[in-house]
Amino acid sequence: MAAVFPTVYEVLVLDPVRHGAPRLVAGEAGLDRPVRWVHVTEVPDIAPELGGGELVLTTGIGLPADDAGLRAFVAALAEVGVSGLVVELGRRYLGGVPRAMVAAAERRGLPLVELRRPTPFVRITEAVHALIVNAQLTELRSTEEIHQRFTDLSVEGAGPGEVLRQAAELSGCPVVLENLSRQVLGYDAAGEDAQLLLDGWERHSRRIRPAGRTAYDPDSGWLVTTVGARGQDWGRLLLRWPGGGGADLPVVAGPAGRSVPGGPPTRLTILVERAASTLALGRLIQRDAEGLERQIHRTLLTALLDHSRPVDEVALRARALGVVVERRHLVGVVVRQRGDDPVGEYGQPDAGPDAAPARLRDLAEAVGQALREARLTGLSSAIDDTAVGVLLALPDPAAEGRSLTAFAAALRRLRANPGTRPVVAVGAAVPRTPVGDPDPLRAAAAVGRSAGPAGGEADGAAGAPGADSAGSAGGVSVPDAGPVEGAAGLIVAAGSGVGSLREARRSLLEARQIADAARRDRRDLPVFRLPHIGLAGLLHLLRDEPRVQTFVERELGALLAHDARHPREQLVGTLRAYLDQGRNKSAAAAVAHLSRPAFYERLARIGRILDVDLDSVEACLSLHVALLALDAVRHP
C-alpha cells in the first residue's frame with residue numbers, strides 16, 4: 001500500500017478517537033500498518049466482504065459468545081489483512097474485551113484497541129477518510145512539485161551541488177551522494193552538523209543495506225537509491241529519514257507504552273529517484289560554447305575516445321581540416337596542470353566559477369601554439385575539465401622522440417613563468433594490442449606483470465573549450481630544445497605510438513593515465529614513462545572507474561564490513577602486512593606487532609571471512625591488487 005495512508009497509530013491519536021479513551025490491548029507490533037479505509041460492522045462473518053487495509057470498528061453486539069467463535073473472528077480478519085480492530089466498550093463488553101480475543105489478536109499481530117468511552121463511529125470515519133484524502137492530495141501536489149523542480153534542473157544543466165541542495169530543501173532531510181566505494185561525492189546537511197553527518201561515513205555506509213535498487217533501511221534510517229545511467233551504476237544517493245511515527249504526538253496507552261514509526265512517505269521515494277536520475281543525466285550531458293573549428297576538433301577526439309563515430313568518418317573529417325591521419329605514425333599526448341586547481345566534478349570553485357574554464361582555455365591555446373611553433377600536425381582539444389589532449393600525426397616512428405621534445409620545449413617557452421615548466425611523460429614502447437575496449441582490471445594485472453600498455457573505459461570527453469589544430473603536414477623541424485626542467489607546473493604525457501587510427505584511442509588513454517598518475521609523483525624526472533607510475537599509479541587513475549570499485553567490493557567487501565562492525569580489530573591491516581611481507585608470516589607478525597599464534601589465527605579468520613586460500617599465490621595477487629585499488633579510491 002502507498003505510504004500516503006495513515007498508520008494505525010496516527011488514527012489512534014486523532015481527536016475523535018482520543019475522545020473515546022483508546023487503550024491498546026494487543027498487537028503493538030502492527031501499529032505501523034497503513035489504514036486504507038474504516039469499516040463499521042456488527043456481524044461476525046464480515047471478513048469475506050473486506051479487501052485488506054481496513055480499520056474495523058464494532059461494539060461487539062453481534063460477535064460470537066464463545067471463545068472459539070471469537071478466535072475464529074479475529075483469525076478471519078487477520079487473514080484478509082485488516083489493519084486493526086477497535087471495540088467500543090459498554091454495550092456488549094463492560095470491563096474489557098474477552099481474553100480469548102486479546103490472545104488471538106496478539107498471536108496474529110493484529111492491533112486490538114478498546115474505546116473505554118462511548119464515541120460516535122461516524123466522527124471517526126469522517127476524520128480518517130478526510131485524513132486519507134488530504135494526505136493523497138498533498139502527496140500529489142508534492143509529487144508534481146518534485147517532478148517540475150528536477151525537470152527544470154535537468155533542462156538547466158544544474159550541477160550535482162544544486163541537485164543535492166534542492167533535494168534537501170524539498171525533503172527537509174540530509175542527503176549524501178557517494179560512489180561505489182562509499183566515498184562522499186557531495187552532500188547537503190539540511191541545516192544539521194555536517195561533521196556529525198559524515199564522520200566515519202564509509203564504515204557507517206557499509207552498514208546500510210537496503211533490499212532493492214530503491215529502498216528504506218529502517219535499522220539505519222536511510223532511504224537509498226542507486227545512481228547510474230545506460231546500465232552503468234556509479235554511486236548511491238542516500239536521504240536520512242529518522243521515521244515518521246508521531247514523535248510529537250501523545251502515546252497511546254498500551255503494553256509497552258510506545259508507537260512503531262513507519263517508513264518514509266511515497267513522495268520522498270519519488271524525490272530521491274528523481275534526484276538520482278537528474279544526477280545521472282547531468283553526468284552524461286556536458287556543454288560549452290566553442291568556435292566551430294574547435295568544436296570539430298573536440299568532436300573528433302571525443303569520437304576516438306568513446307567510439308561514437310566510425311574511424312573512417314573521423315579520418316575524413318580530420319583530412320578536411322588539414323590534419324591527415326591516414327598512413328601516419330600517431331601519438332596520443334595529454335597536457336595538464338600538475339596541481340588540482342581546476343574544479344572537480346563535485347567540488348566547489350576556489351577562485352570564482354570562471355577560473356577553471358579560463359585556465360583550461362589558456363592551456364588549450366598554448367598547446368595549439370606550441371604545435372604550430374614545432375611545425376607539428378595534429379588534432380587538439382580539451383578532453384575533460386583539467387586536461388588538453390593532442391593526437392600527433394607524424395610521418396614515421398623515428399620522428400616520435402624528436403617531435404615530443406620539440407613540442408615540450410615550445411610549450412615551455414610559451415608558458416615560461418615560475419611554476420609552469422613542463423615535464424614530459426612518454427608511454428613505454430610496447431607491442432600493439434588487438435583493437436577493442438580494454439578492461440581496466442585486466443590492464444592493471446598486465447602492468448603489474450610487464451609494465452605494458454594499460455586500457456581503461458573512457459567516460460567520454462567533456463565539453464570544455466578546445467584549441468586550434470597546429471601547423472603544416474610537412475617534415476618535422478626539431479629545434480635544439482635542451483633539457484626539460486622541473487617537476488612542478490605542467491605535465492606533458494605521451495602514449496605509445498601506433499600505426500593506425502583504429503589504435504589511436506589506446507595511445508590517448510595511455511597518455512591520460514600517465515598524466516593523471518604522474519601529477520602525484522614528486523620525482524624531478526625529465527621524462528615520465530608508463531613503468532614509472534607502476535600498478536599503484538594505474539589504479540590511482542582508475543579510481544573513479546565503477547568496475548574497479550566493484551572489484552574492490554567483490555574482493556574485500558566482506559572484510560571491510562567485518563572491520564566496520566568490529567572497529568577494535570582491523571583485519572584489513574593484518575592482511576596488508578601479510579601481503580606486503582611477501583606472504584612471510586613470521587615477518588608479517590613482527591610488522592603487525594602480534595605473536596605468531598595470534599597472527600596465524602587472524603589469517604585463518606580472514607580466510608574464512610573472504611572464503612579464500614591465503615596460501616594461494618593467485619588469490620593473494622588478486623587481494624593485493626584490491627588493497628592497492630582500495631588505497632587509490634580512499635586517497636585520491
# chains A, B, ... in the order shown; residues from 1 in each chain; ligands from 1
$ residues_around --residues "A:Ala103" --least-positions-apart "5" --cutoff "9 Å" --atoms "only C-alpha atoms" --output "mmCIF file with C-alpha atoms, in the first residue's frame"
data_model
loop_
_atom_site.group_PDB
_atom_site.id
_atom_site.type_symbol
_atom_site.label_atom_id
_atom_site.label_comp_id
_atom_site.auth_asym_id
_atom_site.auth_seq_id
_atom_site.Cartn_x
_atom_site.Cartn_y
_atom_site.Cartn_z
ATOM 1 C CA ALA A 26 -2.828 -6.439 21.786
ATOM 2 C CA ARG A 71 -10.781 -16.651 17.946
ATOM 3 C CA PRO A 98 -12.611 -11.116 26.307
ATOM 4 C CA ARG A 108 -1.731 -12.731 14.907
#
$ closest_residue --among "A:His19, A:Gly332, A:Leu360, A:Val40" --to "A:Thr125" --atoms "only C-alpha atoms"
A:Val40
$ residues_around --residues "A:Leu281" --least-positions-apart "3" --cutoff "9 Å" --atoms "only C-alpha atoms" --output "PyMOL selection string"
chain A and resi 154+157+228-229+276-278+284-285
$ write_last_selection --atoms "N, CA, C and O atoms" --output "short mmCIF file (atom, residue, chain, number, x, y, z; two decimals), in the first residue's frame"
data_model
loop_
_atom_site.label_atom_id
_atom_site.label_comp_id
_atom_site.auth_asym_id
_atom_site.auth_seq_id
_atom_site.Cartn_x
_atom_site.Cartn_y
_atom_site.Cartn_z
N SER A 154 17.29 19.53 -14.76
CA SER A 154 17.86 18.78 -15.87
C SER A 154 18.01 19.66 -17.10
O SER A 154 19.04 19.63 -17.79
N GLY A 157 20.83 22.08 -16.84
CA GLY A 157 22.16 21.51 -16.70
C GLY A 157 22.77 21.79 -15.34
O GLY A 157 23.98 22.04 -15.22
N GLY A 228 22.89 5.88 -11.65
CA GLY A 228 23.58 5.40 -12.84
C GLY A 228 22.73 5.60 -14.06
O GLY A 228 21.55 5.97 -13.98
N ALA A 229 23.32 5.36 -15.22
CA ALA A 229 22.61 5.51 -16.47
C ALA A 229 23.23 4.57 -17.49
O ALA A 229 24.40 4.20 -17.39
N ALA A 276 18.26 11.25 -8.28
CA ALA A 276 19.28 10.33 -8.83
C ALA A 276 19.27 10.37 -10.36
O ALA A 276 20.33 10.35 -10.99
N SER A 277 18.10 10.42 -10.96
CA SER A 277 18.01 10.50 -12.42
C SER A 277 18.64 11.79 -12.93
O SER A 277 19.33 11.79 -13.95
N THR A 278 18.39 12.90 -12.23
CA THR A 278 18.97 14.18 -12.64
C THR A 278 20.49 14.15 -12.52
O THR A 278 21.20 14.67 -13.39
N LEU A 284 26.01 12.69 -17.92
CA LEU A 284 26.09 12.35 -19.34
C LEU A 284 26.19 13.57 -20.24
O LEU A 284 26.73 13.51 -21.34
N ILE A 285 25.60 14.69 -19.77
CA ILE A 285 25.49 15.87 -20.63
C ILE A 285 26.48 16.94 -20.17
O ILE A 285 26.46 17.36 -19.04
#
$ select_by_dssp --residues "stretch 11-78 of chain A" --states "helix (DSSP H, G or I)" --output "PyMOL selection string"
chain A and resi 11-12+15-18+28-30+47-49+67-78
$ residues_around --residues "stretch 606-618 of chain A" --least-positions-apart "2" --cutoff "10 Å" --atoms "only C-alpha atoms" --output "PyMOL selection string"
chain A and resi 554-559+561-562+571-572+574-575+578-579+582-583+600-604+620-624
$ residues_around --residues "A:Phe551" --least-positions-apart "2" --cutoff "12 Å" --atoms "only C-alpha atoms" --output "MDAnalysis selection string"
chainID A and resid 180:181 439:442 444 539 542:543 545:549 553:557 622:630 633
$ atom_distance --atom1 "atom CA of A:Pro310" --atom2 "atom CA of A:Arg502"
9.4 Å
$ residues_around --residues "A:Val334" --least-positions-apart "4" --cutoff "12 Å" --atoms "only C-alpha atoms" --output "number ranges by chain"
A: 301, 338, 363-364, 367, 379-384, 386-392, 404, 407-408, 422-427, 490-495, 507-516, 518
$ write_last_selection --atoms "C-alpha atoms" --output "PDB file, in the first residue's frame"
ATOM      1  CA  LEU A 301      38.910  13.407 -30.285  1.00  0.00           C
ATOM      2  CA  ARG A 338      50.312  19.167 -12.041  1.00  0.00           C
ATOM      3  CA  LEU A 363      46.291  25.990 -21.673  1.00  0.00           C
ATOM      4  CA  ALA A 364      44.495  24.843 -24.821  1.00  0.00           C
ATOM      5  CA  VAL A 367      49.118  23.789 -26.704  1.00  0.00           C
ATOM      6  CA  LEU A 379      44.054  17.241 -33.508  1.00  0.00           C
ATOM      7  CA  SER A 380      43.965  19.308 -30.333  1.00  0.00           C
ATOM      8  CA  SER A 381      41.176  19.936 -27.806  1.00  0.00           C
ATOM      9  CA  ALA A 382      40.320  19.859 -24.137  1.00  0.00           C
ATOM     10  CA  ILE A 383      39.242  16.318 -23.279  1.00  0.00           C
ATOM     11  CA  ASP A 384      37.940  16.945 -19.758  1.00  0.00           C
ATOM     12  CA  THR A 386      41.560  19.548 -16.397  1.00  0.00           C
ATOM     13  CA  ALA A 387      43.470  18.384 -19.473  1.00  0.00           C
ATOM     14  CA  VAL A 388      44.108  19.102 -23.139  1.00  0.00           C
ATOM     15  CA  GLY A 389      44.531  16.169 -25.498  1.00  0.00           C
ATOM     16  CA  VAL A 390      46.515  16.039 -28.730  1.00  0.00           C
ATOM     17  CA  LEU A 391      46.717  13.351 -31.388  1.00  0.00           C
ATOM     18  CA  LEU A 392      50.006  13.924 -33.186  1.00  0.00           C
ATOM     19  CA  LEU A 404      57.800  15.225 -28.425  1.00  0.00           C
ATOM     20  CA  PHE A 407      56.635  20.187 -28.606  1.00  0.00           C
ATOM     21  CA  ALA A 408      57.533  20.217 -24.903  1.00  0.00           C
ATOM     22  CA  PRO A 422      56.654  21.248 -18.411  1.00  0.00           C
ATOM     23  CA  VAL A 423      57.513  17.681 -17.548  1.00  0.00           C
ATOM     24  CA  VAL A 424      57.428  15.177 -20.406  1.00  0.00           C
ATOM     25  CA  ALA A 425      55.839  11.789 -19.822  1.00  0.00           C
ATOM     26  CA  VAL A 426      56.219   9.218 -22.596  1.00  0.00           C
ATOM     27  CA  GLY A 427      54.472   5.878 -22.728  1.00  0.00           C
ATOM     28  CA  LEU A 490      52.693  21.305 -16.454  1.00  0.00           C
ATOM     29  CA  ILE A 491      52.786  17.625 -17.232  1.00  0.00           C
ATOM     30  CA  VAL A 492      53.098  16.516 -20.847  1.00  0.00           C
ATOM     31  CA  ALA A 493      52.264  12.822 -21.163  1.00  0.00           C
ATOM     32  CA  ALA A 494      52.595  10.801 -24.351  1.00  0.00           C
ATOM     33  CA  GLY A 495      51.221   7.360 -25.039  1.00  0.00           C
ATOM     34  CA  SER A 507      47.543   5.854 -27.148  1.00  0.00           C
ATOM     35  CA  LEU A 508      45.311   8.704 -25.940  1.00  0.00           C
ATOM     36  CA  LEU A 509      44.080   6.718 -22.946  1.00  0.00           C
ATOM     37  CA  GLU A 510      47.616   5.704 -22.034  1.00  0.00           C
ATOM     38  CA  ALA A 511      48.719   9.336 -22.171  1.00  0.00           C
ATOM     39  CA  ARG A 512      45.853  10.409 -19.926  1.00  0.00           C
ATOM     40  CA  GLN A 513      46.678   7.630 -17.470  1.00  0.00           C
ATOM     41  CA  ILE A 514      50.334   8.625 -17.284  1.00  0.00           C
ATOM     42  CA  ALA A 515      49.452  12.310 -16.871  1.00  0.00           C
ATOM     43  CA  ASP A 516      46.995  11.634 -14.041  1.00  0.00           C
ATOM     44  CA  ALA A 518      52.470  11.474 -12.774  1.00  0.00           C
TER      45      ALA A 518
END
$ atom_distance --atom1 "atom CA of A:Val17" --atom2 "atom CA of A:Val102"
19.9 Å
$ atom_distance --atom1 "atom CA of A:Ser586" --atom2 "atom CA of A:Gly537"
29.3 Å
$ residues_around --residues "A:Val324" --least-positions-apart "3" --cutoff "8 Å" --atoms "only C-alpha atoms" --output "ChimeraX atom specification"
/A:315,318-319,328,393,473
$ closest_residue --among "A:Ala65, A:Ile533, A:Ile146, A:Leu77" --to "A:Asp45" --atoms "only C-alpha atoms"
A:Leu77
$ closest_residue --among "A:Gly282, A:Gly534, A:Arg267, A:Asp396" --to "A:Thr138" --atoms "only C-alpha atoms"
A:Arg267
